[in-house]
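Below is the file model.pdb, which contains PDB, C-alpha atoms and all ligand atoms.
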```pdb
ATOM      1  CA  MET A 135       8.241 -23.391 -30.824
ATOM      2  CA  GLY A 136       6.979 -21.594 -27.746
ATOM      3  CA  LYS A 137       6.031 -17.947 -28.069
ATOM      4  CA  VAL A 138       7.171 -15.273 -25.629
ATOM      5  CA  LEU A 139       6.633 -11.536 -25.206
ATOM      6  CA  ILE A 140       9.334  -9.366 -23.667
ATOM      7  CA  ILE A 141       8.395  -5.836 -22.567
ATOM      8  CA  ASP A 142      11.241  -3.393 -21.938
ATOM      9  CA  ILE A 143       9.697  -0.878 -19.550
ATOM     10  CA  SER A 144      12.667   1.468 -19.944
ATOM     11  CA  LYS A 145      11.696   1.933 -23.624
ATOM     12  CA  CYS A 146       7.978   2.572 -23.012
ATOM     13  CA  ASN A 147       6.974   6.232 -23.419
ATOM     14  CA  GLY A 148       3.348   5.693 -22.429
ATOM     15  CA  CYS A 149       1.869   6.269 -25.903
ATOM     16  CA  HIS A 150      -0.759   3.523 -25.335
ATOM     17  CA  ASN A 151      -0.454   2.352 -28.977
ATOM     18  CA  CYS A 152      -0.340  -1.281 -27.759
ATOM     19  CA  GLN A 153      -3.565  -0.863 -25.825
ATOM     20  CA  ILE A 154      -5.311   0.800 -28.784
ATOM     21  CA  ALA A 155      -4.047  -1.786 -31.305
ATOM     22  CA  CYS A 156      -5.378  -4.615 -29.124
ATOM     23  CA  LYS A 157      -8.769  -2.960 -29.001
ATOM     24  CA  ASP A 158      -8.702  -2.377 -32.758
ATOM     25  CA  GLU A 159      -8.049  -6.076 -33.270
ATOM     26  CA  HIS A 160     -10.518  -7.518 -30.792
ATOM     27  CA  VAL A 161     -13.386  -5.091 -30.125
ATOM     28  CA  GLY A 162     -16.350  -6.224 -32.165
ATOM     29  CA  ASN A 163     -14.356  -8.923 -33.995
ATOM     30  CA  ASP A 164     -15.162 -12.590 -33.527
ATOM     31  CA  TRP A 165     -11.944 -14.621 -33.727
ATOM     32  CA  SER A 166     -13.533 -17.897 -32.657
ATOM     33  CA  PRO A 167     -12.395 -20.427 -31.679
ATOM     34  CA  VAL A 168      -9.636 -18.276 -30.140
ATOM     35  CA  ALA A 169     -11.767 -15.452 -28.744
ATOM     36  CA  LYS A 170     -15.199 -13.902 -28.972
ATOM     37  CA  PRO A 171     -15.432 -10.138 -29.533
ATOM     38  CA  GLN A 172     -14.129  -7.902 -26.785
ATOM     39  CA  PRO A 173     -16.777  -5.434 -25.589
ATOM     40  CA  MET A 174     -16.384  -1.770 -26.510
ATOM     41  CA  THR A 175     -15.687  -0.722 -22.913
ATOM     42  CA  GLY A 176     -14.325  -2.190 -19.703
ATOM     43  CA  GLN A 177     -11.646  -4.583 -20.972
ATOM     44  CA  PHE A 178      -7.946  -4.013 -21.589
ATOM     45  CA  TRP A 179      -6.187  -7.224 -22.592
ATOM     46  CA  THR A 180      -3.001  -5.223 -22.430
ATOM     47  CA  LYS A 181      -3.148  -2.252 -20.112
ATOM     48  CA  VAL A 182      -0.665   0.570 -19.672
ATOM     49  CA  TYR A 183      -0.765   2.392 -16.378
ATOM     50  CA  ASP A 184       1.220   5.267 -14.939
ATOM     51  CA  LYS A 185       3.339   4.818 -11.872
ATOM     52  CA  VAL A 186       4.218   8.192 -10.368
ATOM     53  CA  ARG A 187       7.424   7.953  -8.357
ATOM     54  CA  GLY A 188       8.584  10.378  -5.667
ATOM     55  CA  SER A 189       6.970  13.744  -4.887
ATOM     56  CA  VAL A 190       7.198  17.274  -6.296
ATOM     57  CA  PRO A 191       9.690  18.490  -7.349
ATOM     58  CA  LYS A 192      11.479  15.114  -7.598
ATOM     59  CA  VAL A 193       9.012  13.099  -9.634
ATOM     60  CA  LYS A 194       9.470  10.458 -12.308
ATOM     61  CA  VAL A 195       6.718   8.665 -14.197
ATOM     62  CA  SER A 196       7.124   5.086 -15.372
ATOM     63  CA  TYR A 197       4.687   3.133 -17.519
ATOM     64  CA  LEU A 198       3.901  -0.391 -16.394
ATOM     65  CA  HIS A 199       1.859  -3.047 -18.202
ATOM     66  CA  SER A 200      -0.641  -5.678 -17.180
ATOM     67  CA  ILE A 201      -1.202  -8.553 -19.586
ATOM     68  CA  CYS A 202      -1.769 -12.312 -19.320
ATOM     69  CA  ARG A 203       1.607 -14.011 -18.776
ATOM     70  CA  HIS A 204       0.551 -17.196 -20.633
ATOM     71  CA  CYS A 205       1.999 -19.152 -17.704
ATOM     72  CA  ASP A 206       3.261 -22.685 -18.314
ATOM     73  CA  GLU A 207       2.131 -23.497 -14.741
ATOM     74  CA  ALA A 208      -1.090 -21.541 -15.081
ATOM     75  CA  PRO A 209      -3.317 -21.355 -11.977
ATOM     76  CA  CYS A 210      -6.255 -20.399 -14.218
ATOM     77  CA  ILE A 211      -6.050 -23.701 -16.117
ATOM     78  CA  LYS A 212      -5.976 -25.669 -12.867
ATOM     79  CA  ALA A 213      -8.845 -23.615 -11.392
ATOM     80  CA  CYS A 214     -11.328 -23.827 -14.244
ATOM     81  CA  SER A 215     -14.094 -26.216 -13.189
ATOM     82  CA  ASN A 216     -15.279 -26.555 -16.808
ATOM     83  CA  LYS A 217     -11.824 -27.304 -18.250
ATOM     84  CA  ALA A 218     -12.363 -24.408 -20.605
ATOM     85  CA  ILE A 219      -8.789 -23.101 -20.444
ATOM     86  CA  TYR A 220      -6.001 -24.848 -22.298
ATOM     87  CA  LYS A 221      -2.403 -24.356 -23.348
ATOM     88  CA  ARG A 222      -1.538 -24.669 -27.003
ATOM     89  CA  PRO A 223       1.672 -26.415 -28.137
ATOM     90  CA  ASP A 224       3.175 -22.952 -28.751
ATOM     91  CA  GLY A 225       2.572 -22.023 -25.091
ATOM     92  CA  ILE A 226      -0.371 -19.695 -25.657
ATOM     93  CA  VAL A 227      -3.096 -19.971 -22.993
ATOM     94  CA  ILE A 228      -6.606 -19.756 -24.435
ATOM     95  CA  ILE A 229      -9.993 -19.502 -22.723
ATOM     96  CA  ASP A 230     -12.287 -21.499 -25.008
ATOM     97  CA  PRO A 231     -15.302 -19.204 -25.454
ATOM     98  CA  GLU A 232     -17.551 -22.154 -26.272
ATOM     99  CA  LYS A 233     -16.654 -24.121 -23.129
ATOM    100  CA  CYS A 234     -16.534 -21.207 -20.664
ATOM    101  CA  GLN A 235     -19.585 -21.291 -18.402
ATOM    102  CA  GLY A 236     -18.849 -18.014 -16.621
ATOM    103  CA  SER A 237     -17.817 -19.541 -13.276
ATOM    104  CA  LYS A 238     -15.084 -16.863 -12.785
ATOM    105  CA  ASP A 239     -12.803 -19.512 -11.205
ATOM    106  CA  CYS A 240      -9.953 -18.242 -13.376
ATOM    107  CA  ILE A 241     -10.444 -14.614 -12.345
ATOM    108  CA  ARG A 242     -10.259 -15.626  -8.682
ATOM    109  CA  GLU A 243      -7.130 -17.728  -9.139
ATOM    110  CA  CYS A 244      -5.038 -15.675 -11.571
ATOM    111  CA  PRO A 245      -2.433 -14.024  -9.327
ATOM    112  CA  PHE A 246      -2.265 -10.885 -11.458
ATOM    113  CA  ASP A 247      -4.607  -7.873 -11.443
ATOM    114  CA  ASP A 248      -6.336  -6.650 -14.594
ATOM    115  CA  VAL A 249      -5.554  -9.696 -16.709
ATOM    116  CA  ILE A 250      -8.814 -11.653 -17.069
ATOM    117  CA  TYR A 251     -12.024  -9.710 -17.665
ATOM    118  CA  PHE A 252     -15.619 -10.847 -17.548
ATOM    119  CA  ASN A 253     -17.958 -10.301 -20.468
ATOM    120  CA  GLU A 254     -21.386  -9.948 -18.847
ATOM    121  CA  GLU A 255     -23.255 -10.055 -22.142
ATOM    122  CA  LEU A 256     -21.675 -13.324 -23.310
ATOM    123  CA  ASN A 257     -21.167 -14.706 -19.755
ATOM    124  CA  ILE A 258     -17.541 -15.627 -20.469
ATOM    125  CA  ALA A 259     -14.089 -14.754 -19.173
ATOM    126  CA  GLN A 260     -11.784 -13.101 -21.700
ATOM    127  CA  LYS A 261      -8.108 -12.136 -21.879
ATOM    128  CA  CYS A 262      -5.097 -11.719 -24.144
ATOM    129  CA  THR A 263      -4.689 -14.490 -26.702
ATOM    130  CA  PHE A 264      -1.186 -13.506 -27.934
ATOM    131  CA  CYS A 265      -3.248 -12.857 -31.092
ATOM    132  CA  ALA A 266      -3.256 -16.591 -31.767
ATOM    133  CA  HIS A 267      -5.643 -16.122 -34.719
ATOM    134  CA  LEU A 268      -2.946 -14.025 -36.432
ATOM    135  CA  ILE A 269      -0.063 -16.331 -35.453
ATOM    136  CA  ASP A 270      -2.029 -19.172 -37.043
ATOM    137  CA  LYS A 271      -2.200 -17.146 -40.250
ATOM    138  CA  GLY A 272       1.601 -16.767 -40.267
ATOM    139  CA  TRP A 273       1.999 -13.430 -38.500
ATOM    140  CA  ASP A 274       5.330 -12.983 -36.667
ATOM    141  CA  GLU A 275       3.974 -10.232 -34.421
ATOM    142  CA  THR A 276       0.988  -9.664 -32.194
ATOM    143  CA  ARG A 277      -0.978  -6.476 -32.843
ATOM    144  CA  CYS A 278       0.421  -4.847 -29.700
ATOM    145  CA  SER A 279       4.064  -5.690 -30.480
ATOM    146  CA  ASP A 280       3.563  -4.572 -34.080
ATOM    147  CA  ALA A 281       2.111  -1.236 -32.942
ATOM    148  CA  CYS A 282       4.856  -0.270 -30.475
ATOM    149  CA  PRO A 283       6.876   2.634 -31.982
ATOM    150  CA  THR A 284       9.741   2.502 -29.473
ATOM    151  CA  GLY A 285      10.689  -1.165 -29.636
ATOM    152  CA  ALA A 286       9.509  -1.815 -26.078
ATOM    153  CA  PHE A 287       7.709  -5.003 -27.170
ATOM    154  CA  THR A 288       9.548  -8.008 -28.578
ATOM    155  CA  PHE A 289       7.438 -11.004 -29.568
ATOM    156  CA  GLY A 290       8.762 -14.244 -30.982
ATOM    157  CA  ASP A 291      10.104 -17.708 -30.478
ATOM    158  CA  GLU A 292      11.497 -18.475 -27.057
ATOM    159  CA  GLU A 293      14.542 -20.264 -28.503
ATOM    160  CA  LYS A 294      15.595 -17.196 -30.501
ATOM    161  CA  LEU A 295      15.116 -14.676 -27.700
ATOM    162  CA  GLN A 296      17.206 -16.262 -24.964
ATOM    163  CA  ASP A 297      19.576 -13.270 -24.786
ATOM    164  CA  LEU A 298      16.703 -10.913 -23.969
ATOM    165  CA  ILE A 299      15.033 -13.387 -21.616
ATOM    166  CA  ALA A 300      18.307 -13.606 -19.669
ATOM    167  CA  LYS A 301      18.026  -9.861 -18.937
ATOM    168  CA  ALA A 302      14.494 -10.118 -17.535
ATOM    169  CA  ASP A 303      13.779  -8.771 -14.065
ATOM    170  CA  GLN A 304      13.166 -11.338 -11.344
ATOM    171  CA  LEU A 305       9.703 -10.462 -10.051
ATOM    172  CA  THR A 306       7.733 -11.477  -6.999
ATOM    173  CA  LEU A 307       4.053 -12.380  -6.793
ATOM    174  CA  LYS A 308       1.798 -10.768  -4.179
ATOM    175  CA  SER A 309       2.046 -14.065  -2.266
ATOM    176  CA  GLY A 310       5.801 -13.551  -1.931
ATOM    177  CA  GLU A 311       6.587 -16.456  -4.286
ATOM    178  CA  PRO A 312       8.880 -15.731  -7.209
ATOM    179  CA  GLU A 313       6.883 -15.058 -10.387
ATOM    180  CA  SER A 314       9.129 -17.584 -12.154
ATOM    181  CA  SER A 315       7.313 -20.350 -10.232
ATOM    182  CA  LEU A 316       4.473 -19.912 -12.764
ATOM    183  CA  ARG A 317       6.918 -20.134 -15.705
ATOM    184  CA  PRO A 318       5.424 -17.072 -17.375
ATOM    185  CA  ARG A 319       5.825 -16.357 -21.101
ATOM    186  CA  VAL A 320       5.770 -12.599 -20.647
ATOM    187  CA  TYR A 321       9.016 -11.108 -19.377
ATOM    188  CA  PHE A 322       9.767  -7.582 -18.211
ATOM    189  CA  ILE A 323      13.036  -5.718 -18.535
ATOM    190  CA  GLY A 324      13.886  -2.392 -16.907
ATOM    191  CA  ILE A 325      11.198  -2.264 -14.249
ATOM    192  CA  PRO A 326      12.108   0.880 -12.315
ATOM    193  CA  LYS A 327      13.949   0.461  -9.054
ATOM    194  CA  ARG A 328      13.867   3.105  -6.319
ATOM    195  CA  PHE A 329      15.416   6.552  -5.984
ATOM    196  CA  ILE A 330      16.367   8.802  -3.081
ATOM    197  CA  GLY A 331      16.706  12.541  -3.696
ATOM    198  CA  ALA A 332      16.939  15.806  -1.774
ATOM    199  CA  THR A 333      18.123  19.412  -1.949
ATOM    200  CA  ILE A 334      20.762  20.545   0.538
ATOM    201  CA  PHE A 335      20.888  24.204   1.596
ATOM    202  CA  ASP A 336      22.555  26.583   4.036
ATOM    203  CA  PRO A 337      19.743  28.243   6.062
ATOM    204  CA  GLU A 338      21.987  31.122   7.260
ATOM    205  CA  GLU A 339      23.141  32.070   3.780
ATOM    206  CA  ASP A 340      19.839  31.020   2.186
ATOM    207  CA  GLU A 341      21.815  29.261  -0.560
ATOM    208  CA  VAL A 342      22.012  25.735  -1.869
ATOM    209  CA  ILE A 343      25.144  23.767  -1.023
ATOM    210  CA  ILE A 344      27.044  22.610  -4.083
ATOM    211  CA  GLY A 345      29.458  19.671  -3.954
ATOM    212  CA  ALA A 346      28.361  18.149  -0.628
ATOM    213  CA  ASP A 347      29.310  14.469  -0.330
ATOM    214  CA  VAL A 348      26.289  12.194  -0.074
ATOM    215  CA  ASN A 349      26.689   8.534   0.893
ATOM    216  CA  ILE A 350      23.664   6.278   0.620
ATOM    217  CA  ILE A 351      24.403   3.198   2.684
ATOM    218  CA  SER A 352      22.263   0.065   2.557
ATOM    219  CA  VAL A 353      21.394  -0.993   6.118
ATOM    220  CA  SER A 354      21.089  -4.634   5.011
ATOM    221  CA  GLY A 355      24.693  -4.666   3.832
ATOM    222  CA  GLY A 356      24.253  -3.855   0.151
ATOM    223  CA  ASN A 357      26.376  -1.368  -1.742
ATOM    224  CA  THR A 358      27.077   2.198  -0.722
ATOM    225  CA  VAL A 359      26.414   4.781  -3.410
ATOM    226  CA  SER A 360      28.368   8.044  -3.212
ATOM    227  CA  VAL A 361      27.487  11.206  -5.123
ATOM    228  CA  LYS A 362      27.952  14.969  -4.793
ATOM    229  CA  THR A 363      25.192  17.582  -4.782
ATOM    230  CA  ASP A 364      24.994  19.397  -8.123
ATOM    231  CA  ASP A 365      24.903  23.102  -9.004
ATOM    232  CA  PHE A 366      21.360  23.289  -7.623
ATOM    233  CA  GLY A 367      22.259  21.586  -4.327
ATOM    234  CA  ASP A 368      20.420  18.469  -5.500
ATOM    235  CA  PHE A 369      21.245  14.805  -5.392
ATOM    236  CA  TRP A 370      19.080  12.189  -7.001
ATOM    237  CA  VAL A 371      20.237   8.546  -6.838
ATOM    238  CA  ASP A 372      18.197   6.101  -8.918
ATOM    239  CA  GLY A 373      18.431   2.330  -9.383
ATOM    240  CA  LEU A 374      18.346   1.481  -5.664
ATOM    241  CA  LEU A 375      16.851  -1.760  -4.411
ATOM    242  CA  PRO A 376      13.880  -1.599  -2.016
ATOM    243  CA  ASP A 377      15.698  -1.459   1.342
ATOM    244  CA  LYS A 378      16.421   0.631   4.426
ATOM    245  CA  TYR A 379      19.205   3.190   3.943
ATOM    246  CA  GLU A 380      21.308   5.569   5.982
ATOM    247  CA  VAL A 381      21.887   8.856   4.168
ATOM    248  CA  GLU A 382      25.075  10.638   5.235
ATOM    249  CA  ILE A 383      25.728  14.197   4.014
ATOM    250  CA  LYS A 384      29.154  15.803   4.545
ATOM    251  CA  LYS A 385      30.666  19.100   3.582
ATOM    252  CA  SER A 386      33.713  20.909   4.938
ATOM    253  CA  GLY A 387      32.605  23.730   7.278
ATOM    254  CA  TYR A 388      29.232  22.096   8.024
ATOM    255  CA  LYS A 389      27.950  19.618  10.589
ATOM    256  CA  THR A 390      27.542  16.131   9.109
ATOM    257  CA  ILE A 391      23.949  14.981   8.691
ATOM    258  CA  LYS A 392      22.893  11.350   9.124
ATOM    259  CA  MET A 393      19.320  10.237   8.520
ATOM    260  CA  GLN A 394      17.456   6.978   7.971
ATOM    261  CA  THR A 395      15.060   6.302   5.153
ATOM    262  CA  ASP A 396      13.224   3.343   3.665
ATOM    263  CA  THR A 397      12.538   2.649  -0.010
ATOM    264  CA  ASN A 398      10.655  -0.612   0.522
ATOM    265  CA  GLU A 399       7.291   0.953  -0.287
ATOM    266  CA  ALA A 400       8.179   3.882  -2.509
ATOM    267  CA  ASP A 401      10.777   6.235  -3.945
ATOM    268  CA  ILE A 402      11.905   8.875  -1.473
ATOM    269  CA  ASN A 403      12.172  12.639  -1.897
ATOM    270  CA  LEU A 404      13.735  13.808   1.358
ATOM    271  CA  GLY A 405      12.850  17.394   0.444
ATOM    272  CA  ASP A 406      14.917  20.465   1.395
ATOM    273  CA  ILE A 407      17.503  19.595   4.044
ATOM    274  CA  PRO A 408      19.175  22.450   5.988
ATOM    275  CA  MET A 409      22.870  21.958   6.748
ATOM    276  CA  GLN A 410      24.181  23.909   9.715
ATOM    277  CA  ALA A 411      27.611  25.557   9.675
ATOM    278  CA  GLY A 412      30.097  23.974  12.079
ATOM    279  CA  ASN A 413      32.402  21.045  12.369
ATOM    280  CA  GLY A 414      31.908  17.269  12.397
TER     281      GLY A 414
HETATM  282  S1  LIG B   1      -1.473 -14.696 -16.142
HETATM  283 FE1  LIG B   1      -3.371 -15.377 -15.163
HETATM  284  S2  LIG B   1      -4.781 -15.693 -16.885
HETATM  285 FE2  LIG B   1      -2.740 -15.622 -17.771
HETATM  286  S3  LIG B   1      -2.064 -17.775 -17.883
HETATM  287 FE3  LIG B   1      -1.274 -16.944 -15.937
HETATM  288  S4  LIG B   1      -2.880 -17.473 -14.437
HETATM  289 FE4  LIG B   1      -3.815 -17.693 -16.493
HETATM  290  S1  LIG B   2      -1.111 -10.117 -27.920
HETATM  291 FE1  LIG B   2      -2.968  -9.568 -29.071
HETATM  292  S2  LIG B   2      -4.604 -10.050 -27.633
HETATM  293 FE2  LIG B   2      -2.745  -9.978 -26.387
HETATM  294  S3  LIG B   2      -2.635  -7.855 -25.657
HETATM  295 FE3  LIG B   2      -1.436  -7.941 -27.543
HETATM  296  S4  LIG B   2      -2.878  -7.311 -29.151
HETATM  297 FE4  LIG B   2      -4.117  -7.874 -27.350
END
```
Just dump the structure as structure tokens.
Amino acid sequence: MGKVLIIDISKCNGCHNCQIACKDEHVGNDWSPVAKPQPMTGQFWTKVYDKVRGSVPKVKVSYLHSICRHCDEAPCIKACSNKAIYKRPDGIVIIDPEKCQGSKDCIRECPFDDVIYFNEELNIAQKCTFCAHLIDKGWDETRCSDACPTGAFTFGDEEKLQDLIAKADQLTLKSGEPESSLRPRVYFIGIPKRFIGATIFDPEEDEVIIGADVNIISVSGGNTVSVKTDDFGDFWVDGLLPDKYEVEIKKSGYKTIKMQTDTNEADINLGDIPMQAGNG
């Protein structure tokens, strides 16, 4: 049965236990023929990194992960001039440390950053093995999935995890192709979408405006999201798709505000927005 790993980003609290457990398993340990020892420094076969969203005071931090996807249509396998990379019957992609000649073809062709590392001392490429040496001993978990205290990692048989796989985010490669074209065996759930936030205030009264109507309208024809500013004059709408938006702010006794913004590159904190008294 094919193995898969599903990472629910919404459950990750950034503890780095997965990263540490992987190092504990592989640094200095020779699991040939699956992998040679990982060096003490410089490699992270699973890597957690912070993504800071928005700007002060409207900031959220999400924790994203880089790890080999164990692609069924793996560019690294096709690229390796020494045929040192192979796919096992359970779907795990292994770089054979005996056959690797250090050509770095795989590093050039893997479409993901921080997945394959180069071991200068041994002159070989190295990466996540889905802990194949443990799976072969009957383990049900990888070290990283076993170490996760929040249940963000689910490892197991593809056939049994179809319900979770169905919830996976549809991701895009840097080339613009859908990531699914590689038929990856690592799936992500809950990758953060975008937010738009701001604070609305009355500059004459020097007070925040509570209960203003805020409509966030997708310019490309997506949904409109409507909220009201809270007791601090704030609105903060999360879960938006990357898109261009018109933000319309209305309140009885004030002039309506309309502004354009764009979440394609980042989350947007529109800052403190003054609303002038008047009509329309
Ligand atoms: S993620 Fe990169 S290294 Fe892993 S199987 Fe796919 S192409 Fe190969
Ligand atoms: S599956 Fe094993 S080798 Fe891969 S990142 Fe997790 S602990 Fe490291």
Explicit residue set for the PyMOL selection byres (((chain A and resi 228-238) around 6) and not hetatm), as a PyMOL selection string: chain A and resi 218-220+227+239-241+257-258
Could you tell me which residues the PyMOL selection byres (((chain A and resi 181-188) around 7) and not hetatm) returns for this structure, as a PyMOL selection string? chain A and resi 150+153+178-180+189+192-201+401-403
Option closest in space to Glu292 in chain A, from A:Gly356, A:Gly136, A:Pro326, A:Pro245 [counting only C-alpha atoms]: A:Gly136
Kindly list the centre and edge lengths in Å, rounded to one decimal, for the axis-aligned box that covers all listed atoms of range 136-142 of chain A plus 4 Å on each of its six sides, as AutoDock Vina command-line options.
```
--center_x 8.6 --center_y -12.5 --center_z -25.0 --size_x 13.2 --size_y 26.2 --size_z 14.1
```
Care to translate the PyMOL selection byres (((chain A and resi 333) around 8) and not hetatm) into actual residues of this file, as a list in words?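 Against this file, the PyMOL selection byres (((chain A and resi 333) around 8) and not hetatm) returns the residues Gly331, Ala332, Ile334, Phe335, Val342, Thr363, Phe366, Gly367, Asp368, Phe369, Leu404, Gly405, Asp406 and Ile407 of chain A.
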For Gly225 in chain A, which residue out of A:Asn253, A:Asn398, A:Ser386, A:Thr263 is the nearest one, using all atoms listed in the file?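 Nearest candidate to Gly225 in chain A out of A:Asn253, A:Asn398, A:Ser386, A:Thr263: A:Thr263.
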Distance criterion (only C-alpha atoms and all ligand atoms): nearest to ligand LIG 2 (chain B) out of A:Lys212, A:Lys261, A:Lys327, A:Lys389: A:Lys261
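Here CA of Lys157 in chain A and CA of Thr288 in chain A stand 19.0 Å from one another.
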d(CA of Trp370 in chain A, CA of Asn357 in chain A) in Å: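 These two atoms are separated by 16.3 Å.
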If the limit is 9 Å from any atom of ligand LIG 1 (chain B), counting only C-alpha atoms and all ligand atoms, which residues qualify? Return them as a ChimeraX atom specification. /A:201-212,219,221,226-229,240-241,243-247,249-250,260-262,316-320
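Summary of the local environment: counting only C-alpha atoms, residues at most 8 Å from Pro337 in chain A, other than itself and those fewer than 2 positions away along its chain, are Phe335, Glu339, Asp340, Glu341, Pro408, Met409 and Gln410 of chain A.
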I need the residue nearest ligand LIG 2 (chain B) from this list: A:Cys146, A:Pro223, A:Arg277, A:Arg242. Use all atoms listed in the file for the distance. A:Arg277
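Omitting Lys137 in chain A and its sequence neighbours fewer than 4 positions away, and counting all atoms listed in the file, the residues within 6 Å are Asp224, Gly290, Asp291 and Glu292 of chain A.
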Save N, CA and C atoms of range 232-250 of chain A from the block above as an mmCIF file, in the first residue's frame.
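Okay, out.cif is ready:
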```
data_model
loop_
_atom_site.group_PDB
_atom_site.id
_atom_site.type_symbol
_atom_site.label_atom_id
_atom_site.label_comp_id
_atom_site.auth_asym_id
_atom_site.auth_seq_id
_atom_site.Cartn_x
_atom_site.Cartn_y
_atom_site.Cartn_z
ATOM 1 N N GLU A 232 24.627 4.660 -2.265
ATOM 2 C CA GLU A 232 25.754 3.970 -2.903
ATOM 3 C C GLU A 232 25.886 4.381 -4.375
ATOM 4 N N LYS A 233 24.729 4.617 -5.018
ATOM 5 C CA LYS A 233 24.766 4.946 -6.456
ATOM 6 C C LYS A 233 24.973 6.435 -6.724
ATOM 7 N N CYS A 234 24.594 7.288 -5.763
ATOM 8 C CA CYS A 234 24.690 8.736 -5.991
ATOM 9 C C CYS A 234 26.146 9.130 -6.230
ATOM 10 N N GLN A 235 26.349 9.875 -7.326
ATOM 11 C CA GLN A 235 27.708 10.313 -7.675
ATOM 12 C C GLN A 235 27.887 11.827 -7.437
ATOM 13 N N GLY A 236 26.892 12.442 -6.801
ATOM 14 C CA GLY A 236 27.034 13.852 -6.461
ATOM 15 C C GLY A 236 26.869 14.804 -7.624
ATOM 16 N N SER A 237 26.077 14.411 -8.645
ATOM 17 C CA SER A 237 25.920 15.277 -9.824
ATOM 18 C C SER A 237 25.025 16.488 -9.554
ATOM 19 N N LYS A 238 24.204 16.420 -8.503
ATOM 20 C CA LYS A 238 23.251 17.480 -8.118
ATOM 21 C C LYS A 238 22.139 17.682 -9.145
ATOM 22 N N ASP A 239 21.987 16.751 -10.097
ATOM 23 C CA ASP A 239 20.882 16.858 -11.070
ATOM 24 C C ASP A 239 19.542 16.989 -10.343
ATOM 25 N N CYS A 240 19.375 16.182 -9.299
ATOM 26 C CA CYS A 240 18.095 16.151 -8.585
ATOM 27 C C CYS A 240 17.812 17.487 -7.906
ATOM 28 N N ILE A 241 18.860 18.095 -7.338
ATOM 29 C CA ILE A 241 18.665 19.369 -6.638
ATOM 30 C C ILE A 241 18.220 20.437 -7.632
ATOM 31 N N ARG A 242 18.796 20.397 -8.825
ATOM 32 C CA ARG A 242 18.408 21.370 -9.863
ATOM 33 C C ARG A 242 16.969 21.156 -10.314
ATOM 34 N N GLU A 243 16.533 19.919 -10.394
ATOM 35 C CA GLU A 243 15.231 19.632 -11.008
ATOM 36 C C GLU A 243 14.072 19.559 -10.024
ATOM 37 N N CYS A 244 14.340 19.302 -8.754
ATOM 38 C CA CYS A 244 13.225 19.260 -7.791
ATOM 39 C C CYS A 244 12.578 20.641 -7.760
ATOM 40 N N PRO A 245 11.264 20.727 -7.958
ATOM 41 C CA PRO A 245 10.635 22.049 -8.033
ATOM 42 C C PRO A 245 10.406 22.716 -6.677
ATOM 43 N N PHE A 246 10.809 22.052 -5.609
ATOM 44 C CA PHE A 246 10.575 22.619 -4.279
ATOM 45 C C PHE A 246 11.892 23.074 -3.653
ATOM 46 N N ASP A 247 11.812 24.170 -2.871
ATOM 47 C CA ASP A 247 12.995 24.658 -2.146
ATOM 48 C C ASP A 247 13.201 23.848 -0.875
ATOM 49 N N ASP A 248 14.457 23.743 -0.457
ATOM 50 C CA ASP A 248 14.795 23.164 0.844
ATOM 51 C C ASP A 248 14.260 21.752 1.029
ATOM 52 N N VAL A 249 14.430 20.931 0.004
ATOM 53 C CA VAL A 249 13.962 19.549 0.068
ATOM 54 C C VAL A 249 15.143 18.582 -0.040
ATOM 55 N N ILE A 250 15.992 18.775 -1.066
ATOM 56 C CA ILE A 250 17.174 17.928 -1.213
ATOM 57 C C ILE A 250 18.395 18.747 -0.787
#
```
